[in-house]
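Since the structure comes first, as structure tokens, the remarks are kept for the end.
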Amino acid sequence: MAKAKMKIRRPLPGDGEQITGIVKAITKRTPSAGFRKMVSNYLEERKDTCMVAEVDGKAVGFILGAIKEYGFGVPRTGWIEVLGVHPSRMGSGIGTRLGWKLISVFKNRGVQAVHTSVQWTSGDLLAFFRELGFTRSDFLNLELPLKGKHGRARR
């Protein structure tokens, strides 16, 4: 039996449902309406910085990115916002191909650096980004919890 060929392509109508299906398979939870809306917005408004990996007409992975101008004094940067590969396809190089494709798009659009954000506890994801060549940046992620220890909103 011939091995199915994968292709990386720009998003098509209907990919939003397939992407949320991949996220559900990864997280074992149904993505929120807010997440589905965010995916829809990316696929409609940022088609050029979003990619889908497809095998046999079905999405098996995706990457959502954005180009941002002068955020915090940094000119024209690329951002990898969300990445997902169906668990049945993890480890097959799909994420790497998606990452390099988006990096290539960023480079062709004059981006000088690409950023992303990863939790320190996500060892597999950190290793993935290191494999692509990512290192620690000059940025420091900051967080402001909006609920205190006792459930009261902070001032």
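Chain labels run A, B, ... following the order of the structure tokens; each chain numbers its residues from 1, and ligands are numbered from 1 in the order shown.
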
Who sits within 9 Å of Leu132 of chain A, only C-alpha atoms, same chain under 6 positions skipped, as a ChimeraX atom specification: /A:96,99-100

Filtering to N, CA and C atoms, could you give me those residues as an mmCIF file, in the first residue's frame?
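Result file follows (out.cif):
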```
data_model
loop_
_atom_site.group_PDB
_atom_site.id
_atom_site.type_symbol
_atom_site.label_atom_id
_atom_site.label_comp_id
_atom_site.auth_asym_id
_atom_site.auth_seq_id
_atom_site.Cartn_x
_atom_site.Cartn_y
_atom_site.Cartn_z
ATOM 1 N N THR A 96 7.165 20.173 12.100
ATOM 2 C CA THR A 96 8.393 20.766 11.570
ATOM 3 C C THR A 96 8.158 21.355 10.186
ATOM 4 N N GLY A 99 6.129 24.500 10.582
ATOM 5 C CA GLY A 99 6.959 25.562 11.140
ATOM 6 C C GLY A 99 7.877 26.175 10.102
ATOM 7 N N TRP A 100 8.580 25.348 9.337
ATOM 8 C CA TRP A 100 9.490 25.879 8.318
ATOM 9 C C TRP A 100 8.743 26.611 7.214
#
```

Review point. Using only C-alpha atoms, which residues sit within 9 Å of Phe134 of chain A once same-chain residues fewer than 5 positions away are excluded, as a PyMOL selection string?
Key: chain A and resi 114-116+126+128-129

For C-alpha atoms, I'd like the residues from the last selection saved as a JSON list (two decimals), in the first residue's frame.
```json
[["chain", "number", "residue", "atom", "x", "y", "z"],
["A", 114, "VAL", "CA", 9.95, 35.12, 14.80],
["A", 115, "HIS", "CA", 8.56, 34.82, 18.32],
["A", 116, "THR", "CA", 6.32, 32.40, 20.16],
["A", 126, "LEU", "CA", 10.11, 23.46, 23.91],
["A", 128, "PHE", "CA", 10.17, 21.17, 19.01],
["A", 129, "PHE", "CA", 10.91, 24.90, 18.88]]
```

Closest atom pairs, segment 24-75 of chain A residues within 12 Å of segment 138-141 of chain A, only C-alpha atoms, as a Markdown table:
```
| residue | atom | partner | partner_atom | distance |
| --- | --- | --- | --- | --- |
| A:Gly71 | CA | A:Phe139 | CA | 11.5 |
| A:Phe72 | CA | A:Phe139 | CA | 9.8 |
| A:Gly73 | CA | A:Phe139 | CA | 11.4 |
| A:Val74 | CA | A:Phe139 | CA | 10.4 |
```

Item to complete: Determine which residues of segment 3-91 of chain A receive a DSSP assignment of helix (DSSP H, G or I), computed from the backbone, and state them as JSON, numbers by chain.
Response: {"A": [15, 16, 17, 18, 19, 20, 21, 22, 23, 24, 25, 26, 27, 33, 34, 35, 36, 37, 38, 39, 40, 41, 42, 43, 44, 45, 47, 48, 49, 87, 88, 89]}

Can you write out as a Markdown table which residues of segment 37-120 of chain A fall within 9 Å of segment 22-33 of chain A, alongside each residue's closest atom pair and its distance in Å to one decimal, counting only C-alpha atoms and ordering rows by chain and ascending residue number?
```
| residue | atom | partner | partner_atom | distance |
| --- | --- | --- | --- | --- |
| A:Lys37 | CA | A:Ala33 | CA | 6.1 |
| A:Met38 | CA | A:Ala33 | CA | 8.6 |
| A:Ala59 | CA | A:Ile22 | CA | 8.2 |
| A:Val60 | CA | A:Ile22 | CA | 7.1 |
| A:Gly61 | CA | A:Ile22 | CA | 7.2 |
| A:Phe62 | CA | A:Ile22 | CA | 8.6 |
| A:Gly84 | CA | A:Val23 | CA | 6.7 |
| A:Val85 | CA | A:Ile22 | CA | 6.7 |
| A:His86 | CA | A:Ile22 | CA | 5.1 |
| A:Pro87 | CA | A:Ile26 | CA | 6.1 |
```

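Using only C-alpha atoms, the shortest contact distance between Asp124 of chain A and any of A:Pro13, A:Gly34, A:Pro145, A:Gly91 is found at A:Gly91.
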
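Among the candidates A:Gly65, A:Gly21, A:Pro11, A:Gly16, the residue lying nearest to Val52 of chain A is A:Pro11 (atoms considered: only C-alpha atoms).
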
Within 12 Å of Lys5 of chain A, counting only C-alpha atoms, which residues show up once you throw out same-chain ones fewer than 3 positions away? Write them as a list in words, please. Ala2, Ile8, Ala53, Glu54, Val55, Asp56, Gly57, Lys58, Val60 and Ile94 of chain A

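Residues of segment 14-83 of chain A carrying a DSSP assignment of strand (DSSP E or B), computed from the backbone, are Cys50, Met51, Val52, Ala53, Glu54, Val55, Lys58, Ala59, Val60, Gly61, Phe62, Ile63, Leu64, Gly65, Ala66, Ile67, Lys68, Gly71, Val74, Thr77, Gly78, Trp79, Ile80, Glu81, Val82 and Leu83 of chain A.
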
Worksheet item: Out of A:Glu69, A:Asp48, A:Glu143, A:Glu81, which residue has the shortest atom-to-atom distance to Asn108 of chain A when counting only C-alpha atoms?
Response: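 Between A:Glu69, A:Asp48, A:Glu143, A:Glu81, the residue approaching Asn108 of chain A most closely is A:Asp48.
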
Fill in: Who sits within 10 Å of Lys101 of chain A, only C-alpha atoms, same chain under 2 positions skipped, as JSON, numbers by chain
{"A": [8, 9, 49, 50, 51, 63, 95, 96, 97, 98, 99, 103, 104, 105, 106, 107]}

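Note that atom CA of Gln18 of chain A and atom CA of Lys47 of chain A are 15.6 Å apart.
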